[in-house]
Amino acid sequence: FVDTAFGYGNEKGVGLAIRDCWNKPREELFVMTKIPGGLSKLEAWAAHKQNLMLLQLDYVDHLMTHYPSDWDGSKASPSLRQEEWLALEAIYEAGEARSIGISHYCTQHIQDILDIATVPPSVNQVEYHVGSQDVDDVMETCRKERITFMSFSPLCGPCDYEAQDSLVTGKLVTSIGQKHGKSGSQVSLRFIVQQAMKEGSYVGPVIPKSNNMKHILSN
């Protein structure tokens with residue numbers, strides 16, 4: 001499983017790694033990527049084609065719109081979200097994305113899409129971790145609409161916090177981990193995985209980020 005995005009600036013490297021290092025069937029590798037939000041239909045197609053070129057792939061397994069607007073919010077409206085979503089549907093119908101989804105979408109943004117979608121989003125990727133609240137009832141909305149709620153930053157990478165509140169080495173998660181022979185980060189990830197294991201839950205995969213092999217294996 002590879003989670004990347006045009007906005008991360010690493011798709012070229014990911015594509016090279018797949019080309020040079022992946023020696024199993026393509027079907028055994030799941031590549032998720034994203035195009036920026038706030039795009040017209042033509043811009044969305046162009047961004048997608050750029051993704052494929054950088055990744056050196058004929059298709060991706062999952063394609064998301066990265067944000068309900070552009071990053072500074074200057075291109076933000078229900079009609080623009082709907083136009084971009086219809087472009088994702090066309091990419092899906094063309095076989096160049098095996099599934100499609102959204103990221104950073106709140107309840108109203110999701111409704112904007114559902115109002116016109118013929119292919120509903122399969123995933124909504126949202127920052128979620130120990131201490132998070134169900135802001136705007138988006139988790140409940142995903143459950144009701146059968147959209148998998150995927151957690152990014154499950155260890156609160158971009159958060160501002162006191163050292164004692166760290167989800168990797170903080171007091172709460174390490175004290176729990178000591179009782180079970182686990183690390184603080186494993187406790188934090190299990191918090192979300194446990195929710196995903198509940199019957200009927202639409203909380204889905206956890207995607208921690210690390211470039212440290214020891215941490216990757218631990219996660």
# chains A, B, ... in the order shown; residues from 1 in each chain; ligands from 1
call {"tool": "residues_around", "arguments": {"residues": "region 73-78 of chain A", "least_positions_apart": "4", "cutoff": "8 Å", "atoms": "only C-alpha atoms", "output": "mmCIF file with N, CA and C atoms, in the first residue's frame"}}
result
data_model
loop_
_atom_site.group_PDB
_atom_site.id
_atom_site.type_symbol
_atom_site.label_atom_id
_atom_site.label_comp_id
_atom_site.auth_asym_id
_atom_site.auth_seq_id
_atom_site.Cartn_x
_atom_site.Cartn_y
_atom_site.Cartn_z
ATOM 1 N N GLY A 38 -10.416 22.187 -5.832
ATOM 2 C CA GLY A 38 -10.674 23.442 -6.509
ATOM 3 C C GLY A 38 -10.415 23.431 -7.994
ATOM 4 N N LEU A 39 -10.480 22.253 -8.629
ATOM 5 C CA LEU A 39 -10.150 22.148 -10.053
ATOM 6 C C LEU A 39 -11.409 22.020 -10.912
ATOM 7 N N PRO A 68 -11.462 20.122 -0.168
ATOM 8 C CA PRO A 68 -12.718 20.596 -0.762
ATOM 9 C C PRO A 68 -12.606 21.928 -1.491
ATOM 10 N N SER A 69 -11.423 22.496 -1.525
ATOM 11 C CA SER A 69 -11.144 23.720 -2.272
ATOM 12 C C SER A 69 -9.663 23.688 -2.646
ATOM 13 N N GLN A 82 -18.519 19.763 -7.144
ATOM 14 C CA GLN A 82 -19.298 18.825 -7.945
ATOM 15 C C GLN A 82 -18.668 18.612 -9.324
ATOM 16 N N HIS A 109 -19.584 19.300 2.750
ATOM 17 C CA HIS A 109 -18.839 19.006 1.520
ATOM 18 C C HIS A 109 -19.248 17.647 0.956
ATOM 19 N N ASP A 112 -22.550 17.929 -0.765
ATOM 20 C CA ASP A 112 -22.406 18.534 -2.092
ATOM 21 C C ASP A 112 -22.127 17.464 -3.147
#
call {"tool": "residues_around", "arguments": {"residues": "Val138 (chain A)", "least_positions_apart": "2", "cutoff": "6 Å", "atoms": "only C-alpha atoms", "output": "number ranges by chain"}}
result
A: 106-107, 136, 140-141
call {"tool": "write_last_selection", "arguments": {"atoms": "N, CA and C atoms", "output": "compact mmCIF listing (two decimals), in the first residue's frame"}}
result
# COMPACT_ATOMS: atom_id res chain seq x y z
N CYS A 106 -15.81 17.77 5.15
CA CYS A 106 -16.75 17.78 6.27
C CYS A 106 -18.13 17.35 5.75
N THR A 107 -19.11 17.36 6.65
CA THR A 107 -20.43 16.85 6.29
C THR A 107 -21.05 17.59 5.12
N ASP A 136 -18.10 18.20 13.31
CA ASP A 136 -19.16 18.33 12.30
C ASP A 136 -19.87 16.99 12.06
N GLU A 140 -19.99 10.22 11.71
CA GLU A 140 -21.35 9.68 11.65
C GLU A 140 -21.91 9.78 10.24
N THR A 141 -21.61 10.88 9.55
CA THR A 141 -22.04 11.03 8.17
C THR A 141 -21.45 9.93 7.29
call {"tool": "closest_atom_pairs", "arguments": {"of": "region 44-161 of chain A", "to": "region 179-189 of chain A", "cutoff": "7 Å", "atoms": "only C-alpha atoms", "output": "CSV"}}
result
residue,atom,partner,partner_atom,distance
A:Val130,CA,A:Ser188,CA,6.3
A:Pro154,CA,A:Leu189,CA,6.5
A:Leu155,CA,A:Ser188,CA,6.6
call {"tool": "write_last_selection", "arguments": {"atoms": "all heavy atoms", "output": "CSV table (one decimal), in the first residue's frame"}}
result
chain,number,residue,atom,x,y,z
A,130,VAL,N,-6.0,10.0,18.8
A,130,VAL,CA,-6.3,10.1,20.2
A,130,VAL,C,-6.5,11.5,20.5
A,130,VAL,O,-5.7,12.4,20.2
A,130,VAL,CB,-5.2,9.5,21.1
A,130,VAL,CG1,-5.6,9.7,22.5
A,130,VAL,CG2,-5.1,8.0,20.8
A,154,PRO,N,-2.4,9.8,12.3
A,154,PRO,CA,-2.9,9.1,13.5
A,154,PRO,C,-2.0,9.3,14.7
A,154,PRO,O,-2.4,9.0,15.9
A,154,PRO,CB,-3.0,7.7,13.1
A,154,PRO,CG,-1.9,7.5,12.1
A,154,PRO,CD,-2.0,8.8,11.3
A,155,LEU,N,-0.8,9.8,14.5
A,155,LEU,CA,0.2,10.1,15.6
A,155,LEU,C,0.3,11.6,15.8
A,155,LEU,O,1.2,12.0,16.5
A,155,LEU,CB,1.5,9.4,15.3
A,155,LEU,CG,1.5,7.9,15.2
A,155,LEU,CD1,2.9,7.4,14.9
A,155,LEU,CD2,0.9,7.2,16.4
call {"tool": "closest_residue", "arguments": {"among": "A:Phe30, A:Trp71, A:Phe6, A:Trp85", "to": "Leu42 (chain A)", "atoms": "only C-alpha atoms"}}
result
A:Trp85
call {"tool": "closest_residue", "arguments": {"among": "A:Gly204, A:Gly177, A:Pro36, A:Gly95", "to": "Tyr8 (chain A)", "atoms": "only C-alpha atoms"}}
result
A:Pro36
call {"tool": "select_by_dssp", "arguments": {"residues": "region 18-210 of chain A", "states": "alpha helix (DSSP H)", "output": "MDAnalysis selection string"}}
result
chainID A and resid 18:21 41:55 78:93 107:114 138:145 171:180 184:196
call {"tool": "select_by_dssp", "arguments": {"residues": "region 12-135 of chain A", "states": "strand (DSSP E)", "output": "short mmCIF file (atom, residue, chain, number, x, y, z; two decimals) with N, CA and C atoms, in the first residue's frame"}}
result
data_model
loop_
_atom_site.label_atom_id
_atom_site.label_comp_id
_atom_site.auth_asym_id
_atom_site.auth_seq_id
_atom_site.Cartn_x
_atom_site.Cartn_y
_atom_site.Cartn_z
N VAL A 31 -1.97 1.52 -4.95
CA VAL A 31 -1.44 2.88 -5.01
C VAL A 31 -2.60 3.88 -4.90
N MET A 32 -2.55 4.68 -3.85
CA MET A 32 -3.53 5.75 -3.62
C MET A 32 -2.84 7.09 -3.86
N THR A 33 -3.48 7.94 -4.63
CA THR A 33 -2.92 9.28 -4.82
C THR A 33 -4.05 10.30 -4.86
N LYS A 34 -3.68 11.58 -5.00
CA LYS A 34 -4.65 12.67 -4.90
C LYS A 34 -4.33 13.75 -5.92
N ILE A 35 -5.39 14.42 -6.36
CA ILE A 35 -5.22 15.63 -7.14
C ILE A 35 -5.68 16.80 -6.28
N HIS A 62 -6.62 4.00 -6.18
CA HIS A 62 -7.58 4.94 -5.58
C HIS A 62 -7.13 6.36 -5.87
N LEU A 63 -8.07 7.18 -6.30
CA LEU A 63 -7.81 8.58 -6.60
C LEU A 63 -8.73 9.45 -5.76
N MET A 64 -8.15 10.43 -5.09
CA MET A 64 -8.91 11.36 -4.25
C MET A 64 -8.77 12.79 -4.74
N THR A 65 -9.76 13.61 -4.43
CA THR A 65 -9.55 15.04 -4.45
C THR A 65 -9.05 15.42 -3.07
N ILE A 100 -12.55 5.83 -6.14
CA ILE A 100 -12.39 7.28 -5.99
C ILE A 100 -12.90 7.73 -4.63
N GLY A 101 -12.31 8.82 -4.15
CA GLY A 101 -12.70 9.29 -2.83
C GLY A 101 -12.35 10.76 -2.62
N ILE A 102 -12.41 11.17 -1.35
CA ILE A 102 -12.26 12.56 -0.96
C ILE A 102 -11.35 12.64 0.26
N SER A 103 -10.87 13.83 0.54
CA SER A 103 -10.00 14.02 1.70
C SER A 103 -10.28 15.39 2.31
N VAL A 123 -14.05 6.53 0.14
CA VAL A 123 -13.19 6.86 1.28
C VAL A 123 -13.21 8.36 1.51
N ASN A 124 -13.21 8.76 2.79
CA ASN A 124 -12.95 10.14 3.18
C ASN A 124 -11.75 10.11 4.12
N GLN A 125 -10.66 10.72 3.70
CA GLN A 125 -9.42 10.70 4.49
C GLN A 125 -9.36 11.99 5.32
N VAL A 126 -9.33 11.82 6.64
CA VAL A 126 -9.44 12.96 7.56
C VAL A 126 -8.43 12.79 8.70
N GLU A 127 -7.88 13.88 9.19
CA GLU A 127 -6.99 13.79 10.35
C GLU A 127 -7.79 13.30 11.56
#
call {"tool": "residues_around", "arguments": {"residues": "Lys41 (chain A)", "least_positions_apart": "6", "cutoff": "12 Å", "atoms": "only C-alpha atoms", "output": "list of chain:residue names"}}
result
A:Ile35, A:Ala47, A:His48, A:Thr65, A:Ser79, A:Leu80, A:Arg81, A:Gln82, A:Glu83, A:Glu84, A:Trp85, A:Leu86, A:Ala87, A:Leu88, A:Glu89, A:Ala90, A:Ile91
